[in-house]
Every structure is written in structure tokens, then in C-alpha cells.
file start_5.cif (mmCIF, C-alpha atoms and all ligand atoms)
data_run
#
loop_
_atom_site.label_atom_id
_atom_site.label_comp_id
_atom_site.auth_asym_id
_atom_site.auth_seq_id
_atom_site.Cartn_x
_atom_site.Cartn_y
_atom_site.Cartn_z
CA MET A 1 4.45 -57.24 103.50
CA ALA A 2 4.01 -60.83 104.61
CA GLU A 3 3.17 -63.66 102.27
CA GLN A 4 0.39 -65.85 103.58
CA THR A 5 -1.03 -69.10 102.29
CA THR A 6 -4.71 -69.94 102.05
CA GLY A 7 -4.02 -73.50 100.96
CA MET A 8 -4.72 -72.56 97.35
CA CYS A 9 -2.69 -69.44 96.71
CA TYR A 10 -0.33 -66.90 98.21
CA PHE A 11 -1.23 -63.28 98.90
CA ARG A 12 0.23 -60.28 100.66
CA ALA A 13 -1.30 -60.03 104.11
CA MET A 14 -1.33 -57.59 106.98
CA LYS A 15 0.17 -59.34 110.00
CA PHE A 16 -1.59 -59.33 113.37
CA PHE A 17 0.52 -59.17 116.53
CA ILE A 18 -0.92 -59.10 120.04
CA ASP A 19 0.45 -56.44 122.38
CA THR A 20 0.53 -58.15 125.76
CA ALA A 21 2.64 -60.31 128.04
CA ASN A 22 -0.44 -62.14 129.32
CA LEU A 23 -0.09 -65.83 128.41
CA ASP A 24 -3.85 -66.57 128.52
CA GLN A 25 -4.59 -63.75 126.10
CA ILE A 26 -1.77 -64.86 123.83
CA ARG A 27 -3.19 -68.42 123.84
CA GLU A 28 -6.67 -67.10 123.06
CA ALA A 29 -5.41 -64.97 120.17
CA GLU A 30 -3.35 -67.88 118.87
CA ALA A 31 -6.45 -70.11 118.96
CA LEU A 32 -8.21 -67.65 116.61
CA GLY A 33 -5.77 -68.83 113.94
CA VAL A 34 -4.75 -65.37 112.74
CA LEU A 35 -1.93 -64.47 115.12
CA ASP A 36 1.47 -63.72 113.57
CA GLY A 37 3.47 -62.51 116.56
CA VAL A 38 3.64 -60.77 119.92
CA THR A 39 4.95 -57.44 121.16
CA THR A 40 5.76 -56.72 124.77
CA ASN A 41 7.27 -53.80 126.61
CA PRO A 42 8.59 -53.32 130.16
CA SER A 43 5.21 -51.94 131.34
CA LEU A 44 3.35 -54.98 129.99
CA MET A 45 5.84 -57.35 131.66
CA ALA A 46 5.49 -55.49 134.96
CA LYS A 47 1.69 -55.66 134.66
CA GLU A 48 1.96 -59.46 134.64
CA GLY A 49 4.19 -59.35 137.71
CA ILE A 50 7.22 -60.63 135.80
CA THR A 51 10.29 -59.29 137.57
CA GLY A 52 13.95 -60.25 137.70
CA ASP A 53 16.20 -61.27 134.84
CA GLU A 54 15.57 -65.03 134.98
CA ALA A 55 11.78 -64.70 135.27
CA VAL A 56 11.72 -62.27 132.34
CA LYS A 57 13.75 -64.64 130.17
CA ALA A 58 11.59 -67.63 131.14
CA HIS A 59 8.48 -65.62 130.27
CA TYR A 60 9.79 -64.74 126.81
CA LYS A 61 10.55 -68.42 126.22
CA ALA A 62 7.02 -69.33 127.31
CA ILE A 63 5.56 -66.81 124.83
CA CYS A 64 7.75 -68.23 122.04
CA GLU A 65 6.40 -71.70 122.78
CA ILE A 66 2.81 -70.52 122.27
CA VAL A 67 3.22 -68.49 119.09
CA ASP A 68 5.04 -69.45 115.92
CA GLY A 69 6.00 -65.88 115.03
CA ASP A 70 8.17 -62.97 116.05
CA VAL A 71 8.20 -61.92 119.69
CA SER A 72 9.52 -58.45 120.51
CA ALA A 73 11.56 -58.29 123.72
CA GLU A 74 12.62 -54.83 124.85
CA VAL A 75 16.00 -53.85 126.27
CA ILE A 76 16.06 -51.85 129.49
CA ALA A 77 19.53 -50.35 128.98
CA THR A 78 19.70 -46.94 127.31
CA ASP A 79 23.42 -46.90 126.54
CA PHE A 80 24.98 -48.59 123.50
CA GLU A 81 27.08 -51.18 125.36
CA GLY A 82 24.22 -52.09 127.69
CA MET A 83 21.78 -52.52 124.81
CA ILE A 84 24.22 -54.75 122.92
CA GLU A 85 24.79 -56.97 125.95
CA GLU A 86 21.10 -57.23 126.81
CA GLY A 87 19.98 -57.62 123.20
CA GLN A 88 22.41 -60.48 122.56
CA ALA A 89 21.14 -62.31 125.64
CA LEU A 90 17.51 -61.82 124.56
CA ALA A 91 18.17 -62.90 120.98
CA ALA A 92 19.89 -66.06 122.25
CA LEU A 93 16.66 -67.16 124.00
CA HIS A 94 14.82 -68.17 120.82
CA PRO A 95 15.16 -67.63 117.05
CA ASN A 96 11.84 -65.74 117.00
CA ILE A 97 12.97 -63.08 119.46
CA VAL A 98 13.27 -59.60 117.95
CA VAL A 99 15.20 -57.12 120.09
CA LYS A 100 13.15 -54.01 120.79
CA VAL A 101 15.26 -50.86 121.00
CA PRO A 102 14.14 -47.27 121.70
CA ALA A 103 14.45 -44.56 119.03
CA ILE A 104 17.33 -42.67 120.68
CA ALA A 105 20.85 -42.06 119.36
CA ASP A 106 22.44 -45.04 121.16
CA GLY A 107 19.46 -47.12 120.05
CA ILE A 108 20.01 -46.32 116.37
CA ARG A 109 23.70 -47.16 116.81
CA ALA A 110 22.74 -50.43 118.51
CA ILE A 111 20.29 -51.28 115.70
CA ARG A 112 23.12 -50.85 113.18
CA TRP A 113 25.31 -53.16 115.29
CA PHE A 114 22.55 -55.78 115.68
CA THR A 115 21.81 -55.63 111.94
CA ASP A 116 25.48 -56.14 111.08
CA ASN A 117 25.58 -59.09 113.47
CA GLY A 118 22.46 -60.87 112.23
CA ILE A 119 20.12 -59.91 115.10
CA ARG A 120 16.68 -58.60 114.16
CA THR A 121 15.33 -55.43 115.78
CA ASN A 122 12.14 -53.50 116.39
CA CYS A 123 12.75 -49.76 116.82
CA THR A 124 10.16 -48.65 119.34
CA LEU A 125 8.73 -45.33 120.59
CA ILE A 126 8.55 -43.91 117.07
CA PHE A 127 6.65 -40.62 116.99
CA SER A 128 8.01 -38.94 113.85
CA PRO A 129 8.79 -39.84 110.22
CA GLY A 130 12.41 -38.79 110.80
CA GLN A 131 12.85 -41.37 113.55
CA ALA A 132 11.38 -44.03 111.25
CA LEU A 133 13.74 -43.00 108.45
CA LEU A 134 16.79 -43.26 110.71
CA ALA A 135 15.71 -46.63 112.07
CA ALA A 136 15.24 -47.98 108.54
CA LYS A 137 18.65 -46.67 107.47
CA ALA A 138 20.19 -48.46 110.47
CA GLY A 139 18.56 -51.68 109.23
CA ALA A 140 15.71 -52.15 111.73
CA SER A 141 13.49 -55.13 110.87
CA TYR A 142 10.46 -53.28 112.26
CA VAL A 143 9.57 -49.76 113.33
CA SER A 144 6.82 -49.21 115.88
CA PRO A 145 4.98 -45.90 115.44
CA PHE A 146 2.65 -45.45 118.44
CA VAL A 147 -0.70 -44.55 116.87
CA GLY A 148 -2.80 -44.39 120.06
CA ARG A 149 -0.35 -42.32 122.07
CA ILE A 150 -0.26 -39.68 119.31
CA ASP A 151 -4.07 -39.62 119.29
CA ASP A 152 -3.92 -39.25 123.09
CA ILE A 153 -2.32 -35.81 122.69
CA SER A 154 -4.94 -34.68 120.15
CA SER A 155 -2.76 -35.33 117.12
CA ASP A 156 -3.21 -37.83 114.27
CA GLY A 157 -1.44 -41.15 114.79
CA LEU A 158 -2.63 -42.62 111.50
CA GLN A 159 -1.12 -39.70 109.59
CA LEU A 160 2.27 -40.80 110.90
CA ILE A 161 1.72 -44.29 109.48
CA GLU A 162 0.81 -42.72 106.11
CA LYS A 163 3.96 -40.62 106.05
CA ILE A 164 6.22 -43.55 106.93
CA ARG A 165 4.50 -45.68 104.25
CA VAL A 166 5.28 -43.03 101.61
CA ILE A 167 8.91 -42.71 102.72
CA TYR A 168 9.54 -46.46 102.77
CA ASP A 169 7.79 -46.95 99.43
CA ASN A 170 9.99 -44.26 97.84
CA TYR A 171 13.03 -46.46 98.48
CA ASP A 172 13.97 -50.10 98.97
CA PHE A 173 13.78 -50.19 102.76
CA GLY A 174 13.10 -53.71 103.98
CA THR A 175 11.89 -52.36 107.33
CA GLU A 176 8.29 -53.30 108.12
CA ILE A 177 5.83 -50.78 109.57
CA LEU A 178 4.45 -52.23 112.80
CA ALA A 179 1.57 -49.96 113.78
CA ALA A 180 1.73 -49.99 117.59
CA SER A 181 -0.36 -48.57 120.40
CA VAL A 182 -3.41 -49.70 118.43
CA ARG A 183 -6.37 -49.34 120.76
CA HIS A 184 -9.53 -50.28 118.85
CA THR A 185 -11.00 -51.84 115.72
CA MET A 186 -11.02 -48.66 113.62
CA HIS A 187 -7.30 -48.25 114.20
CA ILE A 188 -6.82 -51.74 112.74
CA ILE A 189 -9.03 -51.07 109.73
CA GLU A 190 -7.46 -47.70 108.96
CA CYS A 191 -3.94 -49.13 109.35
CA ALA A 192 -4.92 -51.81 106.83
CA GLU A 193 -6.26 -49.16 104.44
CA ILE A 194 -3.01 -47.22 104.68
CA GLY A 195 -0.94 -50.36 104.17
CA ALA A 196 0.79 -50.86 107.52
CA ASP A 197 2.61 -54.19 107.31
CA ILE A 198 1.60 -55.21 110.82
CA MET A 199 -0.62 -53.99 113.61
CA THR A 200 -0.09 -54.80 117.26
CA GLY A 201 -2.98 -54.31 119.63
CA PRO A 202 -5.07 -55.84 122.38
CA LEU A 203 -7.11 -59.01 122.01
CA SER A 204 -10.31 -56.96 122.45
CA ALA A 205 -9.57 -54.96 119.29
CA MET A 206 -8.94 -58.13 117.27
CA LYS A 207 -12.13 -59.77 118.50
CA GLY A 208 -13.99 -56.50 117.97
CA LEU A 209 -13.46 -56.86 114.23
CA LEU A 210 -15.96 -59.72 114.25
CA LYS A 211 -18.77 -57.86 115.96
CA HIS A 212 -21.81 -57.00 113.84
CA PRO A 213 -25.47 -57.13 114.90
CA LEU A 214 -26.58 -58.23 111.42
CA THR A 215 -24.29 -61.26 111.68
CA ASP A 216 -25.78 -62.17 115.07
CA ASN A 217 -29.36 -61.59 113.91
CA GLY A 218 -28.81 -63.39 110.62
CA LEU A 219 -27.30 -66.42 112.34
CA ALA A 220 -30.13 -66.56 114.86
CA GLN A 221 -32.66 -66.45 112.01
CA PHE A 222 -30.86 -69.19 110.02
CA LEU A 223 -30.75 -71.46 113.07
CA ALA A 224 -34.42 -70.78 113.93
CA ASP A 225 -35.54 -71.52 110.35
CA HIS A 226 -33.47 -74.70 110.29
CA ALA A 227 -34.92 -75.85 113.62
CA LYS A 228 -38.48 -75.14 112.44
CA ALA A 229 -38.03 -77.00 109.14
CA ASN A 230 -36.32 -79.96 110.83
CA GLY A 231 -38.63 -80.26 113.81
C1 LIG B 1 4.39 -51.23 121.24
O1 LIG B 1 4.98 -52.21 120.88
C2 LIG B 1 3.91 -51.00 122.60
O2 LIG B 1 4.05 -52.17 123.34
C3 LIG B 1 2.46 -50.67 122.67
O3 LIG B 1 1.79 -50.85 121.45
C4 LIG B 1 2.11 -49.45 123.42
O4 LIG B 1 0.71 -49.33 123.49
P1 LIG B 1 -0.01 -48.35 124.53
O5 LIG B 1 0.21 -46.97 124.04
O6 LIG B 1 -1.46 -48.74 124.44
O7 LIG B 1 0.61 -48.60 125.86
#
call {"tool": "encode", "arguments": {"input": "start_5.cif", "output": "C-alpha cells"}}
result
Amino acid sequence: MAEQTTGMCYFRAMKFFIDTANLDQIREAEALGVLDGVTTNPSLMAKEGITGDEAVKAHYKAICEIVDGDVSAEVIATDFEGMIEEGQALAALHPNIVVKVPAIADGIRAIRWFTDNGIRTNCTLIFSPGQALLAAKAGASYVSPFVGRIDDISSDGLQLIEKIRVIYDNYDFGTEILAASVRHTMHIIECAEIGADIMTGPLSAMKGLLKHPLTDNGLAQFLADHAKANG
């Protein structure tokens, strides 16, 4: 897990990544002061209208300029040679780029190659503990189990995070569990209870953590009492 400073002491902290390619949302999350990184995927890039090799690369660079933390950039190739070529080009864009590779046989092979060549990886589209185990053995920096998409098919996404936590804790895997496809505040809280190293989700879920009517009512009362006492 990450070490974080409060100014006085160090503690182990859950990292917060935002799952978007939208620069305004990344800026807003960064301004909250709790953002540790960004994840993207080809769908999120397409949603922002980012197309073509050069535009994609420029967009990743722009994200890296906003956030001082890891930025996952996904390869499009699905064969080993293609992933290596693409991943090297992505990694060369910025030291914070982490190459995102799908959990398929050529992907695991590519993760081993990237690991041996000093390039960090995020193994994505993880839907089983076995995939997470293989990715960790290949040396992935992160694995991304997709919590929300498992829930979408009436299964239990958080149970997958629990199982991976147990497996990684049984050994000395340095791979961090990046709970992905997080959709809402309870996903974040339950991932924190389980001990996921990182969660990546939308800005709305992060901001949702703050919402409480008693906070709003209490603040309104404090301000009203202060105004009354001070004229
Ligand atoms: C992971 O890194 C993916 O980008 C992402 O979390 C997928 O989320 P979704 O299932 O909400 O599309």
C-alpha cells in the first residue's frame, strides 16, 4: 500500500485514481487534493473524441501534466509484438505512464517482458483470482479487477477483491490491487474495508463520499448561530 504524508507522520493509505480521460474532471479531482493517479481505457478516450495516434499521445501527456501520479495508458494491440511496440512508445511519453495490458496469454507474456525491461504495467480486464495470480507472477505493477462489471452480471465484484487480497497477502507479490469499474461510494468504502490498494472510479463517486445531510444541517446551524451572535 502507498505511504502518504500528513505533514506530521507517515501512514499507509488507499490511493484514489480517477477513471476518465476528461481533462476538466481530472483537474477537478486534482483540485480536491486527494488524487493519486488516473486510469483510462480505449472507450474513455473515444468518449472524449480523442482519435489517431498523435492525438492520443498528446492527450496522455496533457493528463500527466495535470496529475503527479501514475497514468494508465492501454495498448490496442492484442499480439505480443504489437503490445511491446505500443507499450514502449506509451512508456516513453512520460515517466508516470503505466502500460495497461489485457489479461490474455500474449498480455501476460508482454507483462513479463515489460517487467524485465523496467516498464511498469497494469493488467486490466481481471475477472478471476487466477488471472490476478498470473499477472502478479509476471510482475504486473497493478491488477485491475472490474468490480462493477461483475456486479452487472449479478455476481459479487467485491468478493473478487477479497480473494485477490488473500492470495497476494499469502506471498510477497509487489503487485497492487487497483479496484476498477468502481461505480459508487459504497464500492469505494467496501474496497477500503477489504484493503484494496487503490480504487479507480468516477469523480461523482469520490465527491459522493462527502455527502451527508447532518454535515449540511450542522454547518447551516453553526453559520446561523455565528451570524446571530455577531449581528
Ligand atoms: C479500468 O481501469 C477501467 O477503465 C474501468 O474502471 C472500467 O469501468 P466501467 O466498467 O465502469 O466501464
call {"tool": "closest_atom_pairs", "arguments": {"input": "start_5.cif", "of": "chain A", "to": "ligand LIG 1 (chain B)", "cutoff": "7 Å", "atoms": "all atoms listed in the file", "output": "CSV"}}
result
residue,atom,partner,partner_atom,distance
A:Asp19,CA,B:LIG1,O2,5.7
A:Thr39,CA,B:LIG1,O1,5.2
A:Thr40,CA,B:LIG1,O2,5.1
A:Asn41,CA,B:LIG1,O2,4.9
A:Thr124,CA,B:LIG1,O1,6.5
A:Ser144,CA,B:LIG1,O1,6.1
A:Phe146,CA,B:LIG1,O3,6.2
A:Gly148,CA,B:LIG1,O5,5.6
A:Arg149,CA,B:LIG1,O5,5.1
A:Ala180,CA,B:LIG1,O3,4.0
A:Ser181,CA,B:LIG1,O3,3.3
A:Val182,CA,B:LIG1,O3,6.1
A:Arg183,CA,B:LIG1,O6,6.2
A:Thr200,CA,B:LIG1,O3,6.1
A:Gly201,CA,B:LIG1,O3,6.2
call {"tool": "atom_distance", "arguments": {"input": "start_5.cif", "atom1": "atom CA of Val166 of chain A", "atom2": "atom CA of Met199 of chain A"}}
result
17.3 Å
call {"tool": "axis_aligned_box", "arguments": {"input": "start_5.cif", "around": "segment 132-143 of chain A", "padding_each_side": "8 Å", "output": "JSON"}}
result
{"center_x": 14.9, "center_y": -49.1, "center_z": 110.4, "size_x": 26.6, "size_y": 28.1, "size_z": 21.9}
call {"tool": "residues_near_point", "arguments": {"input": "start_5.cif", "point": "(6.4, -70.4, 127.9)", "cutoff": "12 Å", "atoms": "all atoms listed in the file", "output": "PyMOL selection string"}}
result
chain A and resi 21-24+26-27+55-67+71+93-94
call {"tool": "atom_distance", "arguments": {"input": "start_5.cif", "atom1": "atom CA of Leu44 of chain A", "atom2": "atom CA of Thr121 of chain A"}}
result
18.6 Å
call {"tool": "residues_around", "arguments": {"input": "start_5.cif", "residues": "Gly174 of chain A", "least_positions_apart": "2", "cutoff": "12 Å", "atoms": "all atoms listed in the file", "output": "short mmCIF file (atom, residue, chain, number, x, y, z; two decimals) with C-alpha atoms, keeping the file's coordinate frame"}}
result
data_model
loop_
_atom_site.label_atom_id
_atom_site.label_comp_id
_atom_site.auth_asym_id
_atom_site.auth_seq_id
_atom_site.Cartn_x
_atom_site.Cartn_y
_atom_site.Cartn_z
CA MET A 1 4.45 -57.24 103.50
CA ALA A 2 4.01 -60.83 104.61
CA THR A 115 21.81 -55.63 111.94
CA ARG A 120 16.68 -58.60 114.16
CA LEU A 133 13.74 -43.00 108.45
CA ALA A 135 15.71 -46.63 112.07
CA ALA A 136 15.24 -47.98 108.54
CA LYS A 137 18.65 -46.67 107.47
CA ALA A 138 20.19 -48.46 110.47
CA GLY A 139 18.56 -51.68 109.23
CA ALA A 140 15.71 -52.15 111.73
CA SER A 141 13.49 -55.13 110.87
CA TYR A 142 10.46 -53.28 112.26
CA VAL A 143 9.57 -49.76 113.33
CA ARG A 165 4.50 -45.68 104.25
CA ILE A 167 8.91 -42.71 102.72
CA TYR A 168 9.54 -46.46 102.77
CA ASP A 169 7.79 -46.95 99.43
CA ASN A 170 9.99 -44.26 97.84
CA TYR A 171 13.03 -46.46 98.48
CA ASP A 172 13.97 -50.10 98.97
CA GLU A 176 8.29 -53.30 108.12
CA ILE A 177 5.83 -50.78 109.57
CA ASP A 197 2.61 -54.19 107.31
#
call {"tool": "closest_residue", "arguments": {"input": "start_5.cif", "among": "A:Asp152, A:Leu160, A:Gly82, A:Gln221", "to": "Gln131 of chain A", "atoms": "all atoms listed in the file"}}
result
A:Leu160
call {"tool": "closest_residue", "arguments": {"input": "start_5.cif", "among": "A:Leu90, A:Ala179, A:Phe17, A:Trp113", "to": "Glu54 of chain A", "atoms": "all atoms listed in the file"}}
result
A:Leu90
call {"tool": "closest_residue", "arguments": {"input": "start_5.cif", "among": "A:Leu158, A:Ala220, A:Ile84, A:Leu214", "to": "Glu190 of chain A", "atoms": "all atoms listed in the file"}}
result
A:Leu158
call {"tool": "closest_residue", "arguments": {"input": "start_5.cif", "among": "A:Glu85, A:Lys15, A:Gln25, A:Thr78", "to": "Lys207 of chain A", "atoms": "only C-alpha atoms"}}
result
A:Gln25
call {"tool": "residues_around", "arguments": {"input": "start_5.cif", "residues": "Pro129 of chain A", "least_positions_apart": "3", "cutoff": "9 Å", "atoms": "all atoms listed in the file", "output": "list of chain:residue names"}}
result
A:Ile126, A:Ala132, A:Leu133, A:Leu134, A:Pro145, A:Leu160, A:Ile161, A:Lys163, A:Ile164, A:Ile167
call {"tool": "write_last_selection", "arguments": {"input": "start_5.cif", "atoms": "C-alpha atoms", "output": "PDB file, keeping the file's coordinate frame"}}
result
ATOM      1  CA  ILE A 126       8.550 -43.910 117.070  1.00  0.00           C
ATOM      2  CA  ALA A 132      11.380 -44.030 111.250  1.00  0.00           C
ATOM      3  CA  LEU A 133      13.740 -43.000 108.450  1.00  0.00           C
ATOM      4  CA  LEU A 134      16.790 -43.260 110.710  1.00  0.00           C
ATOM      5  CA  PRO A 145       4.980 -45.900 115.440  1.00  0.00           C
ATOM      6  CA  LEU A 160       2.270 -40.800 110.900  1.00  0.00           C
ATOM      7  CA  ILE A 161       1.720 -44.290 109.480  1.00  0.00           C
ATOM      8  CA  LYS A 163       3.960 -40.620 106.050  1.00  0.00           C
ATOM      9  CA  ILE A 164       6.220 -43.550 106.930  1.00  0.00           C
ATOM     10  CA  ILE A 167       8.910 -42.710 102.720  1.00  0.00           C
TER      11      ILE A 167
END
call {"tool": "atom_distance", "arguments": {"input": "start_5.cif", "atom1": "atom CA of Pro102 of chain A", "atom2": "atom CA of Leu125 of chain A"}}
result
5.9 Å
call {"tool": "residues_around", "arguments": {"input": "start_5.cif", "residues": "Thr185 of chain A", "least_positions_apart": "2", "cutoff": "8 Å", "atoms": "all atoms listed in the file", "output": "PyMOL selection string"}}
result
chain A and resi 183+187-189+205-206+208-209
call {"tool": "closest_residue", "arguments": {"input": "start_5.cif", "among": "A:Pro95, A:Pro42, A:Gly157, A:Gly69", "to": "Glu30 of chain A", "atoms": "all atoms listed in the file"}}
result
A:Gly69
call {"tool": "closest_residue", "arguments": {"input": "start_5.cif", "among": "A:Leu203, A:Ile119, A:Ile111, A:Met14", "to": "Asp36 of chain A", "atoms": "all atoms listed in the file"}}
result
A:Met14
